[in-house]
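Source file run-v6.cif; content: mmCIF, C-alpha atoms.
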```cif
data_target
loop_
_atom_site.label_atom_id
_atom_site.label_comp_id
_atom_site.auth_asym_id
_atom_site.auth_seq_id
_atom_site.Cartn_x
_atom_site.Cartn_y
_atom_site.Cartn_z
CA MET A 1 83.66 10.32 82.48
CA GLU A 2 84.63 13.38 80.46
CA SER A 3 85.36 12.68 76.80
CA ASP A 4 87.91 14.01 74.35
CA ILE A 5 86.43 14.62 70.90
CA LEU A 6 88.25 15.15 67.61
CA VAL A 7 86.48 17.34 65.03
CA VAL A 8 87.79 16.94 61.48
CA ASP A 9 86.61 19.45 58.87
CA ASP A 10 88.43 21.62 56.33
CA SER A 11 86.09 24.49 57.19
CA ALA A 12 87.22 26.51 60.19
CA ALA A 13 83.66 27.85 60.35
CA ILE A 14 82.20 24.37 60.85
CA ARG A 15 84.88 23.49 63.43
CA LYS A 16 83.99 26.65 65.36
CA ILE A 17 80.25 25.90 65.15
CA LEU A 18 80.83 22.32 66.33
CA GLN A 19 82.93 23.56 69.27
CA ARG A 20 79.95 25.67 70.35
CA VAL A 21 77.28 23.08 69.59
CA LEU A 22 79.13 20.27 71.37
CA ARG A 23 79.45 22.41 74.51
CA GLN A 24 75.69 23.10 74.31
CA THR A 25 74.74 19.41 74.26
CA GLY A 26 75.41 18.94 77.96
CA ILE A 27 77.62 15.93 77.20
CA ALA A 28 80.60 15.76 79.59
CA ILE A 29 83.48 16.93 77.39
CA LYS A 30 87.08 17.43 78.48
CA ASP A 31 88.69 18.71 75.28
CA ILE A 32 87.63 19.24 71.68
CA HIS A 33 90.56 18.83 69.29
CA GLU A 34 90.50 20.07 65.71
CA ALA A 35 92.01 18.88 62.42
CA GLY A 36 91.61 20.34 58.92
CA ASP A 37 91.76 17.04 57.04
CA GLY A 38 92.35 13.31 57.48
CA LYS A 39 96.13 13.61 57.49
CA GLU A 40 96.11 16.20 60.25
CA ALA A 41 93.69 14.01 62.20
CA LEU A 42 96.01 10.98 62.03
CA GLU A 43 98.95 13.10 63.13
CA LEU A 44 96.98 14.48 66.07
CA LEU A 45 95.86 11.00 67.14
CA LYS A 46 99.50 9.97 67.57
CA SER A 47 99.77 12.29 70.56
CA HIS A 48 96.19 12.61 71.81
CA LYS A 49 93.76 9.98 73.02
CA VAL A 50 90.19 10.69 71.91
CA HIS A 51 86.88 8.96 72.60
CA LEU A 52 85.04 10.05 69.46
CA VAL A 53 85.83 11.39 65.98
CA LEU A 54 83.38 13.67 64.17
CA SER A 55 84.48 13.95 60.55
CA ASP A 56 83.43 15.67 57.36
CA ILE A 57 83.65 13.59 54.15
CA ASN A 58 84.70 16.06 51.44
CA MET A 59 88.14 17.38 52.43
CA PRO A 60 91.42 18.00 50.59
CA ASN A 61 94.54 15.83 51.09
CA MET A 62 92.76 12.97 52.87
CA ASP A 63 88.96 12.86 52.88
CA GLY A 64 86.70 11.54 55.63
CA LEU A 65 86.19 8.11 54.09
CA GLN A 66 89.96 7.63 53.70
CA LEU A 67 90.40 8.71 57.32
CA LEU A 68 87.71 6.28 58.42
CA ALA A 69 89.38 3.43 56.53
CA ALA A 70 92.77 4.29 58.07
CA LEU A 71 91.31 4.35 61.58
CA LYS A 72 89.56 1.02 61.17
CA ALA A 73 92.74 -0.54 59.78
CA SER A 74 94.64 0.37 62.94
CA ALA A 75 94.45 -1.91 65.98
CA GLU A 76 94.92 1.10 68.27
CA TRP A 77 92.37 3.42 66.65
CA ALA A 78 89.77 0.97 65.31
CA PRO A 79 87.69 1.02 68.54
CA ILE A 80 87.22 4.83 68.38
CA PRO A 81 83.64 5.52 67.22
CA VAL A 82 83.45 7.74 64.13
CA VAL A 83 80.42 9.86 63.21
CA MET A 84 80.36 11.48 59.78
CA ILE A 85 79.05 15.05 59.49
CA THR A 86 78.66 16.10 55.89
CA THR A 87 76.60 17.64 53.14
CA GLU A 88 76.86 14.33 51.27
CA GLY A 89 73.29 13.17 51.86
CA GLY A 90 73.26 10.59 49.05
CA GLU A 91 72.67 6.91 49.78
CA ALA A 92 75.99 5.89 48.19
CA LYS A 93 78.15 7.95 50.57
CA VAL A 94 76.10 6.90 53.61
CA SER A 95 76.41 3.22 52.67
CA GLU A 96 80.13 3.58 52.03
CA ALA A 97 80.68 5.25 55.41
CA VAL A 98 78.61 2.63 57.26
CA ASN A 99 80.40 -0.22 55.44
CA LEU A 100 83.74 1.27 56.45
CA GLY A 101 82.66 1.28 60.10
CA ALA A 102 81.08 4.69 60.84
CA VAL A 103 78.66 4.42 63.79
CA GLY A 104 76.54 7.35 62.73
CA TYR A 105 75.86 10.08 60.26
CA VAL A 106 74.65 13.69 60.62
CA ARG A 107 73.77 15.76 57.59
CA LYS A 108 74.68 19.44 57.32
CA PRO A 109 72.89 21.69 58.12
CA PHE A 110 72.50 20.36 61.65
CA THR A 111 71.03 21.48 64.95
CA ALA A 112 72.51 21.03 68.43
CA ASP A 113 69.69 18.59 69.19
CA GLN A 114 70.58 16.43 66.19
CA ILE A 115 74.22 16.28 67.30
CA LYS A 116 73.22 15.49 70.89
CA GLU A 117 70.77 12.79 69.79
CA LYS A 118 73.49 11.12 67.74
CA LEU A 119 76.20 11.28 70.42
CA VAL A 120 74.29 10.44 73.60
CA GLY A 121 74.18 6.73 72.86
CA ILE A 122 77.81 6.63 71.80
CA LEU A 123 79.64 8.47 74.59
CA MET B 1 60.96 16.88 33.69
CA ASN B 2 61.60 20.64 33.75
CA VAL B 3 65.18 20.80 35.03
CA PRO B 4 65.36 24.62 35.55
CA ASN B 5 62.17 24.52 37.66
CA LEU B 6 63.57 21.56 39.58
CA ILE B 7 66.82 23.45 40.22
CA ALA B 8 64.96 26.59 41.33
CA SER B 9 62.78 24.62 43.73
CA SER B 10 65.79 22.75 45.14
CA ILE B 11 67.77 25.97 45.67
CA ARG B 12 64.81 27.61 47.40
CA HIS B 13 64.28 24.69 49.76
CA SER B 14 67.98 24.17 50.51
CA ALA B 15 68.81 27.86 51.08
CA MET B 16 65.85 28.35 53.40
CA GLU B 17 66.72 25.19 55.37
CA VAL B 18 70.40 26.17 55.77
CA PHE B 19 69.59 29.73 56.85
CA SER B 20 66.92 28.56 59.26
CA THR B 21 69.06 25.78 60.82
CA MET B 22 72.56 27.29 60.86
CA LEU B 23 71.81 31.02 61.11
CA SER B 24 68.37 31.05 62.79
CA VAL B 25 67.21 33.33 59.98
CA ASP B 26 64.04 33.11 57.91
CA LEU B 27 65.06 34.22 54.42
CA GLY B 28 62.74 36.74 52.80
CA SER B 29 60.79 36.41 49.60
CA ASP B 30 62.68 35.06 46.62
CA GLU B 31 62.65 35.66 42.90
CA THR B 32 63.68 33.21 40.18
CA THR B 33 65.39 34.32 36.96
CA THR B 34 67.81 32.89 34.42
CA GLU B 35 71.10 34.37 33.22
CA PRO B 36 73.13 33.57 30.11
CA ALA B 37 76.38 31.63 30.54
CA GLY B 38 78.53 34.75 30.17
CA SER B 39 77.86 37.54 32.67
CA GLY B 40 78.89 41.14 33.32
CA PRO B 41 81.45 42.42 35.85
CA ASN B 42 81.09 41.44 39.52
CA ASP B 43 81.70 43.30 42.78
CA GLY B 44 81.69 41.72 46.20
CA VAL B 45 81.90 38.12 47.35
CA VAL B 46 81.38 35.28 44.89
CA SER B 47 81.74 31.57 45.61
CA PHE B 48 81.82 28.61 43.24
CA ILE B 49 81.48 24.88 43.72
CA GLY B 50 81.58 22.23 40.99
CA LEU B 51 79.12 19.40 40.37
CA ALA B 52 79.96 16.35 38.26
CA GLY B 53 78.42 13.05 37.29
CA SER B 54 75.73 12.28 34.74
CA TRP B 55 75.22 16.07 34.73
CA VAL B 56 77.95 18.67 35.17
CA GLY B 57 77.87 22.29 36.27
CA THR B 58 78.65 24.90 38.87
CA GLY B 59 76.85 26.29 41.90
CA SER B 60 77.53 29.85 43.04
CA ILE B 61 76.61 32.33 45.75
CA VAL B 62 76.89 36.07 45.19
CA CYS B 63 76.50 38.73 47.87
CA SER B 64 77.81 42.11 49.00
CA PRO B 65 80.71 42.36 51.50
CA THR B 66 78.21 43.68 54.05
CA LEU B 67 76.00 40.64 53.67
CA ALA B 68 79.00 38.28 53.76
CA CYS B 69 80.03 39.79 57.12
CA ARG B 70 76.44 39.53 58.37
CA ILE B 71 76.30 35.85 57.35
CA CYS B 72 79.59 35.15 59.16
CA SER B 73 78.50 37.01 62.29
CA GLN B 74 75.21 35.14 62.44
CA MET B 75 76.72 31.74 61.64
CA LEU B 76 79.67 31.92 64.03
CA GLN B 77 78.06 34.23 66.59
CA THR B 78 80.93 36.70 66.26
CA GLU B 79 81.14 40.31 65.11
CA SER B 80 82.60 40.50 61.60
CA THR B 81 82.98 44.02 60.21
CA ALA B 82 85.34 43.41 57.27
CA VAL B 83 85.80 40.60 54.80
CA ASP B 84 88.62 38.43 56.11
CA GLU B 85 89.57 34.76 56.02
CA GLU B 86 86.88 33.86 58.55
CA VAL B 87 84.18 35.57 56.48
CA LEU B 88 85.34 33.87 53.28
CA ASP B 89 85.38 30.52 55.08
CA ALA B 90 81.82 31.06 56.34
CA VAL B 91 80.62 31.88 52.80
CA ALA B 92 82.46 28.80 51.49
CA GLU B 93 80.72 26.58 54.02
CA LEU B 94 77.37 28.22 53.30
CA THR B 95 77.93 27.41 49.61
CA ASN B 96 78.90 23.85 50.47
CA MET B 97 75.75 23.31 52.53
CA ILE B 98 73.27 25.01 50.17
CA ILE B 99 74.58 23.50 46.93
CA GLY B 100 75.19 20.20 48.77
CA GLY B 101 71.49 20.15 49.67
CA VAL B 102 70.57 20.95 46.06
CA LYS B 103 72.86 18.15 44.87
CA THR B 104 71.25 15.61 47.20
CA ASP B 105 67.79 16.67 46.02
CA LEU B 106 68.70 16.63 42.32
CA GLU B 107 70.34 13.19 42.57
CA ARG B 108 66.86 11.68 42.98
CA HIS B 109 66.04 12.88 39.48
CA LEU B 110 69.37 13.17 37.64
CA GLY B 111 71.51 10.36 39.07
CA GLU B 112 74.61 10.44 41.26
CA LEU B 113 76.55 13.71 41.40
CA GLY B 114 79.89 14.59 42.99
CA LEU B 115 80.60 17.88 44.74
CA SER B 116 83.93 19.72 44.66
CA ILE B 117 85.48 21.91 47.36
CA PRO B 118 84.23 25.53 47.21
CA THR B 119 86.28 28.52 46.03
CA VAL B 120 85.47 32.05 47.27
CA ILE B 121 86.55 35.31 45.61
CA PHE B 122 86.32 38.82 47.05
CA GLY B 123 87.05 41.83 44.88
CA LYS B 124 85.81 44.65 42.70
CA ASN B 125 85.17 44.82 38.98
CA PHE B 126 86.12 41.27 38.07
CA LEU B 127 84.78 38.93 35.43
CA THR B 128 84.09 35.25 35.94
CA LYS B 129 83.50 32.70 33.25
CA SER B 130 82.43 29.09 33.54
CA ALA B 131 83.31 26.99 30.50
CA GLY B 132 79.84 25.45 30.48
CA THR B 133 77.24 26.82 28.05
CA ALA B 134 74.15 26.17 30.17
CA GLU B 135 72.09 29.09 31.49
CA TRP B 136 72.29 29.91 35.19
CA VAL B 137 69.14 29.46 37.25
CA VAL B 138 69.26 32.32 39.76
CA GLU B 139 67.33 32.58 43.04
CA ARG B 140 67.45 35.99 44.73
CA PHE B 141 66.63 36.19 48.42
CA GLY B 142 66.18 39.35 50.47
CA TRP B 143 67.67 39.65 53.94
CA GLU B 144 67.86 42.90 55.91
CA GLY B 145 67.83 45.04 52.77
CA GLU B 146 70.58 43.05 51.05
CA ILE B 147 70.28 40.52 48.22
CA LEU B 148 71.73 37.02 48.32
CA GLN B 149 71.94 35.26 44.96
CA VAL B 150 72.19 31.48 44.76
CA LYS B 151 72.92 30.30 41.21
CA LEU B 152 73.34 26.97 39.47
CA CYS B 153 74.10 26.00 35.89
CA LEU B 154 73.82 22.34 34.99
CA ALA B 155 73.92 20.42 31.71
CA PRO B 156 73.93 16.75 30.73
CA ASN B 157 77.44 15.30 30.74
CA GLU B 158 78.40 14.38 27.20
CA LYS B 159 81.12 12.17 28.66
CA SER B 160 78.71 10.53 31.10
CA GLY B 161 79.91 7.13 32.19
CA ARG B 162 83.54 8.19 31.98
CA HIS B 163 83.31 10.93 34.58
CA ASP B 164 84.19 10.25 38.19
CA PRO B 165 81.48 11.80 40.40
CA ASN B 166 83.86 11.68 43.35
CA ALA B 167 86.51 13.77 41.60
CA LEU B 168 87.50 16.83 43.62
CA GLY B 169 88.42 20.22 42.24
CA GLN B 170 86.59 22.67 40.02
CA THR B 171 84.74 20.31 37.73
CA VAL B 172 83.85 22.94 35.16
CA PRO B 173 86.84 25.13 34.25
CA LEU B 174 86.52 28.57 35.81
CA ASP B 175 88.24 31.75 34.68
CA VAL B 176 88.44 34.86 36.87
CA LYS B 177 90.02 38.09 35.58
CA PRO B 178 89.80 41.86 36.10
CA TYR B 179 87.15 43.62 34.03
CA ALA B 180 88.98 46.03 31.73
#
```
Would you give me this structure, written as structure tokens?
Amino acid sequence: MESDILVVDDSAAIRKILQRVLRQTGIAIKDIHEAGDGKEALELLKSHKVHLVLSDINMPNMDGLQLLAALKASAEWAPIPVVMITTEGGEAKVSEAVNLGAVGYVRKPFTADQIKEKLVGIL
Amino acid sequence: MNVPNLIASSIRHSAMEVFSTMLSVDLGSDETTTEPAGSGPNDGVVSFIGLAGSWVGTGSIVCSPTLACRICSQMLQTESTAVDEEVLDAVAELTNMIIGGVKTDLERHLGELGLSIPTVIFGKNFLTKSAGTAEWVVERFGWEGEILQVKLCLAPNEKSGRHDPNALGQTVPLDVKPYA
């Protein structure tokens, strides 16, 4: 089955890199959607069904942890696996993300292999 | 604990890791210096990102427009020939990743720190001023005949315990103005 993935990051550069890296993983992907923050992501999810969310933590308007909490509070979106991709390598942020329901965590900078390794068991 | 040496070592490790992983580039030899809190006029691309927690300060990257375009081209695998929004965004993300790596490393020694969202400035003959009084630790890296500077100033937070390390925004007030 081909998957739809939502990439959430306020950096257009990172979204562009993830578009390329995700295509390089060999994972069957239908579409990669993009959002610049948590609010945009929630808006996009109202009209698009996705199988995975890859989200940054530090973002303006609505950060990645707030987005994660909003997704897990929704009956419709709670089953969507969420992987955090962020520079926040500290234990506190990792624990908070895991406690909120994130299924994985990739630290920036990342390689295509690290992304693939994280996603293969999820999709 | 020698904090300036710790900062220099963290910057070196983080910058080399980010360039190697995200740009497939081995950064050239580096040089460590310190700069006073106030500095002379700037030309080119300068980014800033705030750190806050038990210590407060600012991280910064300084490079020429040529190097900024080269960084963007290498990072996004495009051809950037002039500084535009995409180039500024690439430098912002580079700053986020390098100083984010430094932050994670320093937290093992200095306690939890929060990281703001980066700001990038491109111009000629402008002054910048951070309200902090700490000296900047500066690492200079060579790449294809250009110099990339990664800088960090950090000082103990006098208001420690009352500061929210998760606060976003420029945590140390920053002033940017034309150099008369």
What does the PyMOL selection byres ((chain A) within 12 of (chain B)) select in this file, as an MDAnalysis selection string? chainID A and resid 9:21 56:63 65 85:94 107:114
Include C-alpha atoms and write out the residues we just selected as a PDB file, in the coordinates of the input.
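And here's part-v8.pdb as it stands now:
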```pdb
ATOM      1  CA  ASP A   9      86.610  19.450  58.870  1.00  0.00           C
ATOM      2  CA  ASP A  10      88.430  21.620  56.330  1.00  0.00           C
ATOM      3  CA  SER A  11      86.090  24.490  57.190  1.00  0.00           C
ATOM      4  CA  ALA A  12      87.220  26.510  60.190  1.00  0.00           C
ATOM      5  CA  ALA A  13      83.660  27.850  60.350  1.00  0.00           C
ATOM      6  CA  ILE A  14      82.200  24.370  60.850  1.00  0.00           C
ATOM      7  CA  ARG A  15      84.880  23.490  63.430  1.00  0.00           C
ATOM      8  CA  LYS A  16      83.990  26.650  65.360  1.00  0.00           C
ATOM      9  CA  ILE A  17      80.250  25.900  65.150  1.00  0.00           C
ATOM     10  CA  LEU A  18      80.830  22.320  66.330  1.00  0.00           C
ATOM     11  CA  GLN A  19      82.930  23.560  69.270  1.00  0.00           C
ATOM     12  CA  ARG A  20      79.950  25.670  70.350  1.00  0.00           C
ATOM     13  CA  VAL A  21      77.280  23.080  69.590  1.00  0.00           C
ATOM     14  CA  ASP A  56      83.430  15.670  57.360  1.00  0.00           C
ATOM     15  CA  ILE A  57      83.650  13.590  54.150  1.00  0.00           C
ATOM     16  CA  ASN A  58      84.700  16.060  51.440  1.00  0.00           C
ATOM     17  CA  MET A  59      88.140  17.380  52.430  1.00  0.00           C
ATOM     18  CA  PRO A  60      91.420  18.000  50.590  1.00  0.00           C
ATOM     19  CA  ASN A  61      94.540  15.830  51.090  1.00  0.00           C
ATOM     20  CA  MET A  62      92.760  12.970  52.870  1.00  0.00           C
ATOM     21  CA  ASP A  63      88.960  12.860  52.880  1.00  0.00           C
ATOM     22  CA  LEU A  65      86.190   8.110  54.090  1.00  0.00           C
ATOM     23  CA  ILE A  85      79.050  15.050  59.490  1.00  0.00           C
ATOM     24  CA  THR A  86      78.660  16.100  55.890  1.00  0.00           C
ATOM     25  CA  THR A  87      76.600  17.640  53.140  1.00  0.00           C
ATOM     26  CA  GLU A  88      76.860  14.330  51.270  1.00  0.00           C
ATOM     27  CA  GLY A  89      73.290  13.170  51.860  1.00  0.00           C
ATOM     28  CA  GLY A  90      73.260  10.590  49.050  1.00  0.00           C
ATOM     29  CA  GLU A  91      72.670   6.910  49.780  1.00  0.00           C
ATOM     30  CA  ALA A  92      75.990   5.890  48.190  1.00  0.00           C
ATOM     31  CA  LYS A  93      78.150   7.950  50.570  1.00  0.00           C
ATOM     32  CA  VAL A  94      76.100   6.900  53.610  1.00  0.00           C
ATOM     33  CA  ARG A 107      73.770  15.760  57.590  1.00  0.00           C
ATOM     34  CA  LYS A 108      74.680  19.440  57.320  1.00  0.00           C
ATOM     35  CA  PRO A 109      72.890  21.690  58.120  1.00  0.00           C
ATOM     36  CA  PHE A 110      72.500  20.360  61.650  1.00  0.00           C
ATOM     37  CA  THR A 111      71.030  21.480  64.950  1.00  0.00           C
ATOM     38  CA  ALA A 112      72.510  21.030  68.430  1.00  0.00           C
ATOM     39  CA  ASP A 113      69.690  18.590  69.190  1.00  0.00           C
ATOM     40  CA  GLN A 114      70.580  16.430  66.190  1.00  0.00           C
TER      41      GLN A 114
END
```
I need the output of the PyMOL selection byres ((chain B and resi 51) around 8) for this file as a list in words; which residues are they?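 Selection result, ordered by chain and number: Ile49, Gly50, Ala52, Gly53, Trp55, Val56, Gly57, Thr58, Gly59, Lys103, Leu113, Gly114, Leu115, Ser116, Pro165, Thr171 and Val172 of chain B.
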Residue IDs satisfying the PyMOL selection byres ((chain A and resi 119) around 12), as a PDB file with C-alpha atoms, in the coordinates of the input:
```
ATOM      1  CA  SER A   3      85.360  12.680  76.800  1.00  0.00           C
ATOM      2  CA  ILE A   5      86.430  14.620  70.900  1.00  0.00           C
ATOM      3  CA  VAL A  21      77.280  23.080  69.590  1.00  0.00           C
ATOM      4  CA  LEU A  22      79.130  20.270  71.370  1.00  0.00           C
ATOM      5  CA  THR A  25      74.740  19.410  74.260  1.00  0.00           C
ATOM      6  CA  GLY A  26      75.410  18.940  77.960  1.00  0.00           C
ATOM      7  CA  ILE A  27      77.620  15.930  77.200  1.00  0.00           C
ATOM      8  CA  ALA A  28      80.600  15.760  79.590  1.00  0.00           C
ATOM      9  CA  ILE A  29      83.480  16.930  77.390  1.00  0.00           C
ATOM     10  CA  HIS A  51      86.880   8.960  72.600  1.00  0.00           C
ATOM     11  CA  LEU A  52      85.040  10.050  69.460  1.00  0.00           C
ATOM     12  CA  VAL A  53      85.830  11.390  65.980  1.00  0.00           C
ATOM     13  CA  LEU A  54      83.380  13.670  64.170  1.00  0.00           C
ATOM     14  CA  PRO A  81      83.640   5.520  67.220  1.00  0.00           C
ATOM     15  CA  VAL A  82      83.450   7.740  64.130  1.00  0.00           C
ATOM     16  CA  VAL A  83      80.420   9.860  63.210  1.00  0.00           C
ATOM     17  CA  MET A  84      80.360  11.480  59.780  1.00  0.00           C
ATOM     18  CA  ILE A  85      79.050  15.050  59.490  1.00  0.00           C
ATOM     19  CA  VAL A 103      78.660   4.420  63.790  1.00  0.00           C
ATOM     20  CA  GLY A 104      76.540   7.350  62.730  1.00  0.00           C
ATOM     21  CA  TYR A 105      75.860  10.080  60.260  1.00  0.00           C
ATOM     22  CA  VAL A 106      74.650  13.690  60.620  1.00  0.00           C
ATOM     23  CA  ALA A 112      72.510  21.030  68.430  1.00  0.00           C
ATOM     24  CA  ASP A 113      69.690  18.590  69.190  1.00  0.00           C
ATOM     25  CA  GLN A 114      70.580  16.430  66.190  1.00  0.00           C
ATOM     26  CA  ILE A 115      74.220  16.280  67.300  1.00  0.00           C
ATOM     27  CA  LYS A 116      73.220  15.490  70.890  1.00  0.00           C
ATOM     28  CA  GLU A 117      70.770  12.790  69.790  1.00  0.00           C
ATOM     29  CA  LYS A 118      73.490  11.120  67.740  1.00  0.00           C
ATOM     30  CA  VAL A 120      74.290  10.440  73.600  1.00  0.00           C
ATOM     31  CA  GLY A 121      74.180   6.730  72.860  1.00  0.00           C
ATOM     32  CA  ILE A 122      77.810   6.630  71.800  1.00  0.00           C
ATOM     33  CA  LEU A 123      79.640   8.470  74.590  1.00  0.00           C
TER      34      LEU A 123
END
```
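Here atom CA of Ser47 of chain B and atom CA of Val7 of chain A stand 24.5 Å from one another.
The interatomic distance for the pair atom CA of Ala8 of chain B and atom CA of Val137 of chain B works out to 6.5 Å.
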Quote the spacing between atom CA of Leu6 of chain A and atom CA of Glu43 of chain A in Å to one decimal place.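 Atom CA of Leu6 of chain A sits 11.8 Å away from atom CA of Glu43 of chain A.
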Taking 2 positions as the minimum chain separation for residues in the same chain, which residues sit within 10 Å of Thr34 of chain B when counting all atoms listed in the file? Answer as a ChimeraX atom specification. /B:4,8,32,36-37,135-139,151-153
Spatial sel., origin (96.8, 5.4, 64.2), limit 10 Å, all atoms listed in the file, listed as an mmCIF file with C-alpha atoms, in the frame of the given file:
```cif
data_model
loop_
_atom_site.group_PDB
_atom_site.id
_atom_site.type_symbol
_atom_site.label_atom_id
_atom_site.label_comp_id
_atom_site.auth_asym_id
_atom_site.auth_seq_id
_atom_site.Cartn_x
_atom_site.Cartn_y
_atom_site.Cartn_z
ATOM 1 C CA ALA A 41 93.690 14.010 62.200
ATOM 2 C CA LEU A 42 96.010 10.980 62.030
ATOM 3 C CA GLU A 43 98.950 13.100 63.130
ATOM 4 C CA LEU A 44 96.980 14.480 66.070
ATOM 5 C CA LEU A 45 95.860 11.000 67.140
ATOM 6 C CA LYS A 46 99.500 9.970 67.570
ATOM 7 C CA SER A 47 99.770 12.290 70.560
ATOM 8 C CA LEU A 67 90.400 8.710 57.320
ATOM 9 C CA ALA A 70 92.770 4.290 58.070
ATOM 10 C CA LEU A 71 91.310 4.350 61.580
ATOM 11 C CA LYS A 72 89.560 1.020 61.170
ATOM 12 C CA ALA A 73 92.740 -0.540 59.780
ATOM 13 C CA SER A 74 94.640 0.370 62.940
ATOM 14 C CA ALA A 75 94.450 -1.910 65.980
ATOM 15 C CA GLU A 76 94.920 1.100 68.270
ATOM 16 C CA TRP A 77 92.370 3.420 66.650
ATOM 17 C CA ALA A 78 89.770 0.970 65.310
#
```
Just need the box for segment 66-79 of chain B, edges along x, y and z, holding every atom the file lists for it with 8 Å tacked onto each side, so centre and edge lengths in Å to one decimal, as lines of an AutoDock Vina configuration file.
```
center_x = 78.2
center_y = 37.7
center_z = 60.1
size_x = 21.9
size_y = 27.9
size_z = 28.9
```
Segment 26-38 of chain A rebuilt with N, CA, C and O atoms, output as a PDB file, in the coordinates of the input:
```pdb
ATOM      1  N   GLY A  26      75.457  19.403  76.578  1.00  0.00           N
ATOM      2  CA  GLY A  26      75.410  18.940  77.960  1.00  0.00           C
ATOM      3  C   GLY A  26      76.213  17.668  78.176  1.00  0.00           C
ATOM      4  O   GLY A  26      76.322  17.179  79.309  1.00  0.00           O
ATOM      5  N   ILE A  27      76.769  17.117  77.100  1.00  0.00           N
ATOM      6  CA  ILE A  27      77.620  15.930  77.200  1.00  0.00           C
ATOM      7  C   ILE A  27      78.904  16.341  77.933  1.00  0.00           C
ATOM      8  O   ILE A  27      79.436  17.436  77.706  1.00  0.00           O
ATOM      9  N   ALA A  28      79.377  15.455  78.834  1.00  0.00           N
ATOM     10  CA  ALA A  28      80.600  15.760  79.590  1.00  0.00           C
ATOM     11  C   ALA A  28      81.809  15.693  78.652  1.00  0.00           C
ATOM     12  O   ALA A  28      82.188  14.617  78.204  1.00  0.00           O
ATOM     13  N   ILE A  29      82.359  16.858  78.344  1.00  0.00           N
ATOM     14  CA  ILE A  29      83.480  16.930  77.390  1.00  0.00           C
ATOM     15  C   ILE A  29      84.689  17.543  78.081  1.00  0.00           C
ATOM     16  O   ILE A  29      84.574  18.589  78.732  1.00  0.00           O
ATOM     17  N   LYS A  30      85.834  16.880  77.920  1.00  0.00           N
ATOM     18  CA  LYS A  30      87.080  17.430  78.480  1.00  0.00           C
ATOM     19  C   LYS A  30      87.698  18.398  77.485  1.00  0.00           C
ATOM     20  O   LYS A  30      87.838  19.579  77.741  1.00  0.00           O
ATOM     21  N   ASP A  31      88.083  17.873  76.308  1.00  0.00           N
ATOM     22  CA  ASP A  31      88.690  18.710  75.280  1.00  0.00           C
ATOM     23  C   ASP A  31      88.087  18.408  73.908  1.00  0.00           C
ATOM     24  O   ASP A  31      87.704  17.268  73.635  1.00  0.00           O
ATOM     25  N   ILE A  32      88.026  19.437  73.076  1.00  0.00           N
ATOM     26  CA  ILE A  32      87.630  19.240  71.680  1.00  0.00           C
ATOM     27  C   ILE A  32      88.834  19.608  70.824  1.00  0.00           C
ATOM     28  O   ILE A  32      89.275  20.762  70.814  1.00  0.00           O
ATOM     29  N   HIS A  33      89.401  18.620  70.153  1.00  0.00           N
ATOM     30  CA  HIS A  33      90.560  18.830  69.290  1.00  0.00           C
ATOM     31  C   HIS A  33      90.073  19.066  67.866  1.00  0.00           C
ATOM     32  O   HIS A  33      89.006  18.608  67.491  1.00  0.00           O
ATOM     33  N   GLU A  34      90.903  19.757  67.071  1.00  0.00           N
ATOM     34  CA  GLU A  34      90.500  20.070  65.710  1.00  0.00           C
ATOM     35  C   GLU A  34      91.567  19.644  64.705  1.00  0.00           C
ATOM     36  O   GLU A  34      92.767  19.765  64.981  1.00  0.00           O
ATOM     37  N   ALA A  35      91.116  19.170  63.538  1.00  0.00           N
ATOM     38  CA  ALA A  35      92.010  18.880  62.420  1.00  0.00           C
ATOM     39  C   ALA A  35      91.339  19.323  61.138  1.00  0.00           C
ATOM     40  O   ALA A  35      90.108  19.255  61.019  1.00  0.00           O
ATOM     41  N   GLY A  36      92.147  19.803  60.173  1.00  0.00           N
ATOM     42  CA  GLY A  36      91.610  20.340  58.920  1.00  0.00           C
ATOM     43  C   GLY A  36      91.412  19.314  57.830  1.00  0.00           C
ATOM     44  O   GLY A  36      90.774  19.597  56.819  1.00  0.00           O
ATOM     45  N   ASP A  37      91.962  18.121  58.013  1.00  0.00           N
ATOM     46  CA  ASP A  37      91.760  17.040  57.040  1.00  0.00           C
ATOM     47  C   ASP A  37      92.179  15.715  57.684  1.00  0.00           C
ATOM     48  O   ASP A  37      92.621  15.677  58.844  1.00  0.00           O
ATOM     49  N   GLY A  38      92.055  14.630  56.933  1.00  0.00           N
ATOM     50  CA  GLY A  38      92.350  13.310  57.480  1.00  0.00           C
ATOM     51  C   GLY A  38      93.794  13.158  57.912  1.00  0.00           C
ATOM     52  O   GLY A  38      94.077  12.542  58.953  1.00  0.00           O
TER      53      GLY A  38
END
```
